[in-house]
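Novice: Just passing along the structure, written as structure tokens.
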Amino acid sequence: MASILGFVRRVSKIASPPSVPKNEGALKFGILGAAAIGPEALIKPARSHADVVIYAVAARDKARAQEYADKHGITKVHDSYQDLLDDPEIDVVYNPLPNGLHFEWTAKALLAGKHVLLEKPATDTAEEARALFELAEKQGRVLLEAFHYRFHPAIRRLKEIILSQELGNVKSITTSLAIPKQAFGDDDIRYNHALGGGAQMDVGGYTLNALRYLASPSQETAVNPLEVLSASSITYLDPKIDRRTTATFSFPNDIVGTAICDFQIGWLDFLTGNAIYASVECEGGKIDMANFLLPTIWHSINVKPKGGKVRTEKVYTPLDGAPGEEWWTTYRYQLETFVNRVKGRDSGPVWIEKEDTLGNMEWIERVYAKTELGSRPASQFKVPTV
Ligand SMILES: NC(=O)C1=CN([C@@H]2O[C@H](COP(=O)(O)OP(=O)(O)OC[C@H]3O[C@@H](n4cnc5c(N)ncnc54)[C@H](OP(=O)(O)O)[C@@H]3O)[C@@H](O)[C@H]2O)C=CC1
Ligand SMILES: O=C1OC[C@@H](O)[C@H](O)[C@H]1O
């Protein structure tokens with residue numbers, strides 16, 4: 001009963017988070033594109049953050065941007081993406097454009113002197129991601145690839161249990177992120193090769209990132225695989241667009257990792273726990289985490305010692321006493337840390353470092369090399385010398 005009440009309380013607060021008065025000097029964010037993900041990933045989380053104002057939006061069609069602004073209480077509507085970047089009032093740019101446009105518009109935002117919260121995957125290629133981080137360093141600006149799930153205390157607790165060696169050494173890890181069939185129409189950006197589509201680019205970025213994080217020997221870092229052992233895809237609409245990819249990797253310390261991503265699983269599989277999970281096989285038993293992606297809604301971490309009793313843990317607030325509420329989404333935790341970084345405050349232990357992003361992009365490309373679908377096309381945009 002208590003857990004049902006907790007679920008209802010969290011879900012209603014996620015849907016309608018409380019608003020707080022804004023501080024003087026709050027960061028002004030501008031959003032590129034009237035993106036579907038904007039409200040969940042930034043606009044709603046910002047309501048409860050005193051140092052964040054969602055100030056401006058621009059879309060290719062101004063009427064669409066105006067509609068988005070009216071709906072979400074955004075003050076300023078710009079005529080174009082570039083106009084938004086040229087607005088001196090804006091401190092931070094949120095880039096939720098299609099993957100194939102991440103490189104160009106993040107580079108332009110950094111060149112305009114903005115900090116950037118960049119949707120995953122960072123770019124189409126590792127080389128592009130490296131160029132963005134080099135530019136961010138030159139410009140002295142914060143750049144974060146928004147792997148939001150890493151900021152939630154639940155995934156950190158899973159990692160802590162692994163590192164405690166309670167069940168001994170890790171032998172293998174499987175991560176899965178699958179979306180029900182009807183979620184995306186055939187015209188979705190995810191099925192568009194020129195825009196950087198494909199399951200491995202999208203949901204597969206998380207499953208790879210989670211493998212790299214859970215296989216690493218320390219709480220704060222991710223480790224790169226040694227090799228893609230096998231990879232196979234089911235394509236859809238376009239011979240280069242994977243709607244499902246399964247890849248296995250060897251990792252240091254004799255760990256084998258399997259990452260499964262899919263845009264089209266059946267509802268029954270989705271609703272019965274076969275869609276979003278991380279499963280860690282250790283010498284002395286198994287640890288399963290259901291819903292590592294959006295744990296605020298609901299999750300469970302089941303620790304199953306061989307021949308022993310199963311223990312279930314659920315973690316909604318940081319165990320180290322850092323700020324957090326049980327209804328904070330992964331995006332809200334991420335925003336807290338991002339703002340602290342931009343403001344030059346102590347931002348705590350969690351961050352997606354440059355090398356983490358570069359590793360993810362490199363190994364996404366290696367999976368596409370193994371399946372022979374090939375990397376997504378690099379941007380034509382050339383970063384001017386600064
Ligand atoms: N962190 C997370 O949980 C999630 C992250 N994402 C990531 O966010 C990004 C956007 O995803 P999502 O919001 O679902 O996508 P949308 O389909 O809503 O597209 C985002 C925006 O892209 C703009 N756009 C610019 N050029 C094009 C073009 N040629 N074709 C189509 N759209 C274009 C549109 O802007 P305009 O309004 O100007 O027309 C649109 O609003 C992706 O990188 C995705 O991986 C997505 C979902 C969840
Ligand atoms: O969180 C997510 O879930 C659904 C995906 O397609 C999306 O792009 C991703 O970021």
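Numbering starts fresh at 1 for the residues of each chain in the structure tokens, the chains themselves are lettered A, B, ... in the order given, and ligands are numbered from 1 as they appear.
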Give me, as a Markdown table, the closest atom pair and its distance (Å, one decimal) for every residue of chain A within a cut-off of 7 Å of ligand 1, counting only C-alpha atoms and all ligand atoms, rows sorted by chain and rising number.
Specialist:
| residue | atom | partner | partner_atom_place_in_ligand_line | distance |
| --- | --- | --- | --- | --- |
| A:Leu32 | CA | ligand 1 | 38 (O) | 6.7 |
| A:Gly33 | CA | ligand 1 | 35 (O) | 3.6 |
| A:Ala34 | CA | ligand 1 | 37 (O) | 3.6 |
| A:Ala35 | CA | ligand 1 | 41 (O) | 3.4 |
| A:Ala36 | CA | ligand 1 | 18 (O) | 3.7 |
| A:Ile37 | CA | ligand 1 | 13 (O) | 3.9 |
| A:Gly38 | CA | ligand 1 | 13 (O) | 6.4 |
| A:Ala41 | CA | ligand 1 | 1 (N) | 6.0 |
| A:Ala58 | CA | ligand 1 | 38 (O) | 6.4 |
| A:Ala59 | CA | ligand 1 | 38 (O) | 3.1 |
| A:Arg60 | CA | ligand 1 | 38 (O) | 3.8 |
| A:Asp61 | CA | ligand 1 | 39 (O) | 6.2 |
| A:Arg64 | CA | ligand 1 | 37 (O) | 6.5 |
| A:Ala65 | CA | ligand 1 | 37 (O) | 6.4 |
| A:Pro96 | CA | ligand 1 | 9 (C) | 4.1 |
| A:Leu97 | CA | ligand 1 | 22 (O) | 4.0 |
| A:Pro98 | CA | ligand 1 | 43 (O) | 4.6 |
| A:Asn99 | CA | ligand 1 | 43 (O) | 4.4 |
| A:Glu119 | CA | ligand 1 | 7 (C) | 5.1 |
| A:Lys120 | CA | ligand 1 | 45 (O) | 5.2 |
| A:Pro121 | CA | ligand 1 | 45 (O) | 6.1 |
| A:Ala146 | CA | ligand 1 | 1 (N) | 6.1 |
| A:Phe147 | CA | ligand 1 | 1 (N) | 6.6 |
| A:His148 | CA | ligand 1 | 1 (N) | 6.4 |
| A:Asp188 | CA | ligand 1 | 17 (O) | 6.2 |
| A:Ile189 | CA | ligand 1 | 17 (O) | 5.6 |
| A:Leu195 | CA | ligand 1 | 29 (N) | 6.9 |
| A:Asp202 | CA | ligand 1 | 45 (O) | 5.3 |
Novice: Find the spatial neighbours of A:Lys13, counting only C-alpha atoms, within a cut-off of 12 Å - ignore same-chain residues fewer than 6 positions away - and output them as a list in words.
Specialist: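 Contacts, in chain order: Gly6, Phe7, Ser19, Lys44, Pro45, Arg47, Ser48, Thr296, Ile297, Glu325, Glu326, Trp327, Trp328, Thr329 and Arg332 of chain A.
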Novice: Measuring atom to atom with only C-alpha atoms, identify which of A:Phe184, A:Tyr316, A:Tyr94, A:Tyr81 is nearest to A:Ile43.
Specialist: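 With only C-alpha atoms as the atom set, the closest residue is A:Tyr94.
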Novice: Name all residues at most 8 Å from A:Pro349 (count only C-alpha atoms; drop same-chain ones fewer than 2 positions away) and give them as a VMD selection string.
Specialist: chain A and resid 220 347 351
Novice: Those same residues, written as an mmCIF file, in the first residue's frame with N, CA and C atoms?
Specialist:
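The resulting file, selection29.cif, is reproduced below:
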data_model
loop_
_atom_site.group_PDB
_atom_site.id
_atom_site.type_symbol
_atom_site.label_atom_id
_atom_site.label_comp_id
_atom_site.auth_asym_id
_atom_site.auth_seq_id
_atom_site.Cartn_x
_atom_site.Cartn_y
_atom_site.Cartn_z
ATOM 1 N N GLU A 220 32.654 6.628 -10.242
ATOM 2 C CA GLU A 220 32.396 7.825 -11.047
ATOM 3 C C GLU A 220 32.708 7.686 -12.530
ATOM 4 N N SER A 347 29.739 20.752 -7.467
ATOM 5 C CA SER A 347 28.633 20.104 -8.177
ATOM 6 C C SER A 347 28.515 18.622 -7.844
ATOM 7 N N TRP A 351 29.281 13.340 -13.124
ATOM 8 C CA TRP A 351 29.402 14.142 -14.340
ATOM 9 C C TRP A 351 29.662 13.207 -15.505
#
Novice: Could you name the residues that touch A:Pro295 at 12 Å or less, counting only C-alpha atoms, but leaving out those on the same chain fewer than 6 positions away, as an MDAnalysis selection string?
Specialist: chainID A and resid 7 10:11 14 148:158 276:277 289 301 313:317 326:331 333
Novice: Pull the strand (DSSP E) assignments for stretch 128-255 of chain A out of DSSP run on the backbone, and list those residues as a PyMOL selection string.
Specialist: chain A and resi 143-145+170-180+227-236+238-251+255
Novice: Could you dump the residues just selected with N, CA and C atoms as a compact mmCIF listing (two decimals), in the first residue's frame?
Specialist:
# COMPACT_ATOMS: atom_id res chain seq x y z
N LEU A 143 29.93 22.05 -21.26
CA LEU A 143 29.22 21.25 -22.26
C LEU A 143 28.92 19.90 -21.64
N LEU A 144 27.65 19.53 -21.65
CA LEU A 144 27.26 18.24 -21.06
C LEU A 144 26.38 17.46 -22.02
N GLU A 145 26.77 16.21 -22.29
CA GLU A 145 25.88 15.30 -23.02
C GLU A 145 24.88 14.75 -22.00
N VAL A 170 32.19 -9.44 -11.11
CA VAL A 170 31.18 -9.43 -12.18
C VAL A 170 31.65 -10.34 -13.31
N LYS A 171 30.73 -11.16 -13.82
CA LYS A 171 31.07 -12.02 -14.97
C LYS A 171 30.47 -11.45 -16.26
N SER A 172 29.22 -11.05 -16.17
CA SER A 172 28.58 -10.50 -17.38
C SER A 172 27.50 -9.49 -17.00
N ILE A 173 27.23 -8.61 -17.95
CA ILE A 173 26.20 -7.58 -17.74
C ILE A 173 25.34 -7.51 -19.00
N THR A 174 24.03 -7.41 -18.81
CA THR A 174 23.13 -7.19 -19.95
C THR A 174 22.32 -5.93 -19.67
N THR A 175 22.25 -5.06 -20.67
CA THR A 175 21.40 -3.88 -20.52
C THR A 175 20.43 -3.86 -21.69
N SER A 176 19.21 -3.43 -21.40
CA SER A 176 18.19 -3.40 -22.45
C SER A 176 17.37 -2.13 -22.36
N LEU A 177 17.08 -1.57 -23.51
CA LEU A 177 16.17 -0.42 -23.57
C LEU A 177 15.37 -0.56 -24.85
N ALA A 178 14.10 -0.90 -24.66
CA ALA A 178 13.24 -1.16 -25.80
C ALA A 178 11.96 -0.35 -25.66
N ILE A 179 11.50 0.16 -26.77
CA ILE A 179 10.36 1.07 -26.80
C ILE A 179 9.22 0.37 -27.52
N PRO A 180 7.98 0.54 -27.07
CA PRO A 180 6.87 -0.15 -27.74
C PRO A 180 6.68 0.33 -29.18
N GLU A 227 36.58 -4.89 -27.19
CA GLU A 227 36.24 -5.38 -28.53
C GLU A 227 34.73 -5.55 -28.67
N VAL A 228 34.22 -5.32 -29.87
CA VAL A 228 32.83 -5.73 -30.15
C VAL A 228 32.92 -7.19 -30.59
N LEU A 229 32.37 -8.08 -29.78
CA LEU A 229 32.49 -9.51 -30.10
C LEU A 229 31.51 -9.90 -31.21
N SER A 230 30.30 -9.33 -31.13
CA SER A 230 29.32 -9.59 -32.18
C SER A 230 28.29 -8.47 -32.17
N ALA A 231 27.66 -8.25 -33.29
CA ALA A 231 26.59 -7.24 -33.34
C ALA A 231 25.69 -7.57 -34.52
N SER A 232 24.38 -7.47 -34.27
CA SER A 232 23.46 -7.71 -35.38
C SER A 232 22.26 -6.78 -35.25
N SER A 233 21.69 -6.45 -36.38
CA SER A 233 20.58 -5.50 -36.40
C SER A 233 19.42 -6.02 -37.21
N ILE A 234 18.24 -5.49 -36.88
CA ILE A 234 17.09 -5.63 -37.77
C ILE A 234 16.86 -4.23 -38.32
N THR A 235 16.82 -4.09 -39.62
CA THR A 235 16.66 -2.75 -40.19
C THR A 235 15.18 -2.48 -40.49
N TYR A 236 14.90 -1.20 -40.71
CA TYR A 236 13.51 -0.79 -40.94
C TYR A 236 13.49 0.42 -41.85
N ASP A 238 14.90 1.65 -44.15
CA ASP A 238 16.13 2.07 -44.83
C ASP A 238 17.18 1.03 -44.44
N PRO A 239 17.95 0.52 -45.41
CA PRO A 239 18.93 -0.52 -45.06
C PRO A 239 20.00 -0.07 -44.07
N LYS A 240 20.09 1.25 -43.82
CA LYS A 240 21.09 1.71 -42.84
C LYS A 240 20.46 2.09 -41.50
N ILE A 241 19.15 1.93 -41.41
CA ILE A 241 18.48 2.29 -40.14
C ILE A 241 18.14 1.01 -39.37
N ASP A 242 18.78 0.86 -38.21
CA ASP A 242 18.48 -0.27 -37.33
C ASP A 242 17.31 0.10 -36.45
N ARG A 243 16.32 -0.79 -36.43
CA ARG A 243 15.24 -0.55 -35.45
C ARG A 243 15.52 -1.40 -34.21
N ARG A 244 16.42 -2.38 -34.35
CA ARG A 244 16.87 -3.16 -33.20
C ARG A 244 18.33 -3.54 -33.42
N THR A 245 19.14 -3.41 -32.39
CA THR A 245 20.52 -3.89 -32.47
C THR A 245 20.88 -4.60 -31.17
N THR A 246 21.54 -5.73 -31.31
CA THR A 246 22.08 -6.45 -30.16
C THR A 246 23.58 -6.54 -30.36
N ALA A 247 24.33 -6.12 -29.36
CA ALA A 247 25.81 -6.16 -29.48
C ALA A 247 26.40 -6.75 -28.22
N THR A 248 27.44 -7.56 -28.40
CA THR A 248 28.17 -8.07 -27.23
C THR A 248 29.60 -7.55 -27.29
N PHE A 249 30.14 -7.28 -26.11
CA PHE A 249 31.46 -6.65 -25.99
C PHE A 249 32.28 -7.41 -24.96
N SER A 250 33.59 -7.40 -25.17
CA SER A 250 34.45 -7.83 -24.06
C SER A 250 34.93 -6.56 -23.37
N PHE A 251 35.00 -6.64 -22.04
CA PHE A 251 35.48 -5.53 -21.21
C PHE A 251 36.69 -6.01 -20.40
N ILE A 255 34.96 -9.28 -18.22
CA ILE A 255 33.50 -9.06 -18.19
C ILE A 255 32.99 -9.06 -19.63
Novice: Let me make sure I understand: among A:Gly30, A:Gly140, A:Pro39, A:Gly100, which one has the smallest atom-to-atom distance to A:Asp86 if we use only C-alpha atoms?
Specialist: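 Among the listed residues, A:Gly30 lies closest to A:Asp86.
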Novice: So, with only C-alpha atoms and all ligand atoms as the atoms that count, which of A:Val8, A:Ala369, A:Ala199, A:Ile90 lies closest to ligand 2?
Specialist: A:Ala199
Novice: Got a sec to tell me which of stretch 111-208 of chain A DSSP assigns to helix (DSSP H, G or I), as a compact mmCIF listing (two decimals) with N, CA and C atoms, in the first residue's frame?
Specialist:
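In the end it all went to result30.txt:
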# COMPACT_ATOMS: atom_id res chain seq x y z
N LEU A 111 30.35 28.95 -29.90
CA LEU A 111 30.99 30.12 -30.53
C LEU A 111 30.31 31.42 -30.09
N ALA A 126 32.51 10.26 -33.23
CA ALA A 126 33.40 10.57 -32.10
C ALA A 126 34.28 11.78 -32.43
N GLU A 127 34.65 11.87 -33.69
CA GLU A 127 35.51 13.00 -34.10
C GLU A 127 34.78 14.33 -33.88
N GLU A 128 33.50 14.35 -34.21
CA GLU A 128 32.72 15.58 -33.98
C GLU A 128 32.62 15.90 -32.49
N ALA A 129 32.42 14.87 -31.70
CA ALA A 129 32.29 15.10 -30.24
C ALA A 129 33.59 15.67 -29.69
N ARG A 130 34.71 15.12 -30.18
CA ARG A 130 36.01 15.64 -29.72
C ARG A 130 36.15 17.13 -30.08
N ALA A 131 35.75 17.47 -31.29
CA ALA A 131 35.85 18.87 -31.74
C ALA A 131 34.99 19.78 -30.86
N LEU A 132 33.81 19.30 -30.47
CA LEU A 132 32.94 20.13 -29.62
C LEU A 132 33.58 20.37 -28.25
N PHE A 133 34.14 19.32 -27.67
CA PHE A 133 34.75 19.49 -26.34
C PHE A 133 35.98 20.40 -26.42
N GLU A 134 36.72 20.28 -27.51
CA GLU A 134 37.88 21.18 -27.66
C GLU A 134 37.41 22.63 -27.76
N LEU A 135 36.32 22.82 -28.48
CA LEU A 135 35.78 24.18 -28.62
C LEU A 135 35.27 24.69 -27.26
N ALA A 136 34.57 23.83 -26.54
CA ALA A 136 34.05 24.23 -25.21
C ALA A 136 35.21 24.63 -24.30
N GLU A 137 36.29 23.86 -24.36
CA GLU A 137 37.46 24.19 -23.52
C GLU A 137 38.02 25.55 -23.92
N LYS A 138 38.19 25.76 -25.23
CA LYS A 138 38.72 27.05 -25.71
C LYS A 138 37.83 28.21 -25.28
N GLN A 139 36.53 27.98 -25.33
CA GLN A 139 35.58 29.06 -25.02
C GLN A 139 35.33 29.19 -23.51
N HIS A 148 21.04 11.70 -18.61
CA HIS A 148 20.37 12.05 -17.36
C HIS A 148 20.31 10.93 -16.34
N TYR A 149 20.16 9.67 -16.80
CA TYR A 149 19.94 8.56 -15.85
C TYR A 149 21.12 8.41 -14.89
N ARG A 150 22.29 8.86 -15.31
CA ARG A 150 23.50 8.71 -14.48
C ARG A 150 23.45 9.61 -13.23
N PHE A 151 22.57 10.62 -13.25
CA PHE A 151 22.51 11.58 -12.14
C PHE A 151 21.54 11.13 -11.04
N PRO A 153 20.13 8.78 -8.02
CA PRO A 153 20.80 7.95 -7.02
C PRO A 153 20.59 6.44 -7.18
N ALA A 154 19.55 6.02 -7.90
CA ALA A 154 19.28 4.58 -8.00
C ALA A 154 20.38 3.85 -8.78
N ILE A 155 20.82 4.42 -9.90
CA ILE A 155 21.86 3.74 -10.68
C ILE A 155 23.17 3.74 -9.90
N ARG A 156 23.36 4.81 -9.12
CA ARG A 156 24.58 4.88 -8.30
C ARG A 156 24.55 3.80 -7.21
N ARG A 157 23.36 3.53 -6.69
CA ARG A 157 23.24 2.48 -5.68
C ARG A 157 23.55 1.10 -6.31
N LEU A 158 23.04 0.89 -7.52
CA LEU A 158 23.35 -0.38 -8.20
C LEU A 158 24.87 -0.53 -8.33
N LYS A 159 25.53 0.54 -8.75
CA LYS A 159 26.98 0.48 -8.93
C LYS A 159 27.68 0.22 -7.58
N GLU A 160 27.14 0.86 -6.54
CA GLU A 160 27.74 0.69 -5.21
C GLU A 160 27.67 -0.78 -4.76
N ILE A 161 26.53 -1.41 -5.05
CA ILE A 161 26.37 -2.83 -4.66
C ILE A 161 27.38 -3.69 -5.43
N ILE A 162 27.53 -3.39 -6.73
CA ILE A 162 28.50 -4.15 -7.54
C ILE A 162 29.89 -3.98 -6.94
N LEU A 163 30.26 -2.73 -6.68
CA LEU A 163 31.63 -2.46 -6.20
C LEU A 163 31.88 -2.99 -4.80
N LYS A 181 6.24 -0.63 -29.97
CA LYS A 181 6.11 -0.47 -31.42
C LYS A 181 5.46 0.84 -31.89
N GLN A 182 4.38 1.23 -31.23
CA GLN A 182 3.62 2.38 -31.76
C GLN A 182 4.19 3.72 -31.32
N ALA A 183 5.30 3.74 -30.58
CA ALA A 183 5.79 5.01 -30.01
C ALA A 183 6.21 6.02 -31.08
N ILE A 189 12.27 11.34 -36.50
CA ILE A 189 13.70 11.61 -36.73
C ILE A 189 14.55 10.36 -36.48
N ARG A 190 14.05 9.46 -35.65
CA ARG A 190 14.83 8.25 -35.30
C ARG A 190 14.97 7.28 -36.47
N TYR A 191 14.11 7.43 -37.47
CA TYR A 191 14.20 6.55 -38.65
C TYR A 191 14.83 7.27 -39.84
N VAL A 203 18.27 4.81 -28.36
CA VAL A 203 18.20 4.02 -27.13
C VAL A 203 19.48 3.23 -26.89
N GLY A 204 20.15 2.86 -27.98
CA GLY A 204 21.40 2.11 -27.86
C GLY A 204 22.53 2.89 -27.22
N GLY A 205 22.44 4.22 -27.26
CA GLY A 205 23.45 5.04 -26.58
C GLY A 205 23.39 4.81 -25.07
N TYR A 206 22.16 4.65 -24.55
CA TYR A 206 22.00 4.41 -23.11
C TYR A 206 22.50 3.03 -22.71
N THR A 207 22.13 2.01 -23.51
CA THR A 207 22.49 0.65 -23.10
C THR A 207 24.01 0.48 -23.14
N LEU A 208 24.63 1.10 -24.12
CA LEU A 208 26.09 1.06 -24.19
C LEU A 208 26.69 1.85 -23.01
Novice: Between A:Ala69, A:Ala290, A:Ala112, A:Met201, which one has atoms that come closest to A:Asp87, using only C-alpha atoms?
Specialist: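 Once distances to A:Asp87 are computed over only C-alpha atoms, the minimum belongs to A:Ala112.
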Novice: For ligand 2, which of A:Val350, A:Ala63, A:Ala122, A:Leu237 is the closest residue, counting only C-alpha atoms and all ligand atoms?
Specialist: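 Counting only C-alpha atoms and all ligand atoms, the residue closest to ligand 2 is A:Ala122.
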Novice: Mind pulling up the distance from atom CA of A:Gly196 to atom 9 (C, counted along the ligand's line) of ligand 2?
Specialist: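 Separation between atom 9 (C, counted along the ligand's line) of ligand 2 and atom CA of A:Gly196: 13.6 Å.
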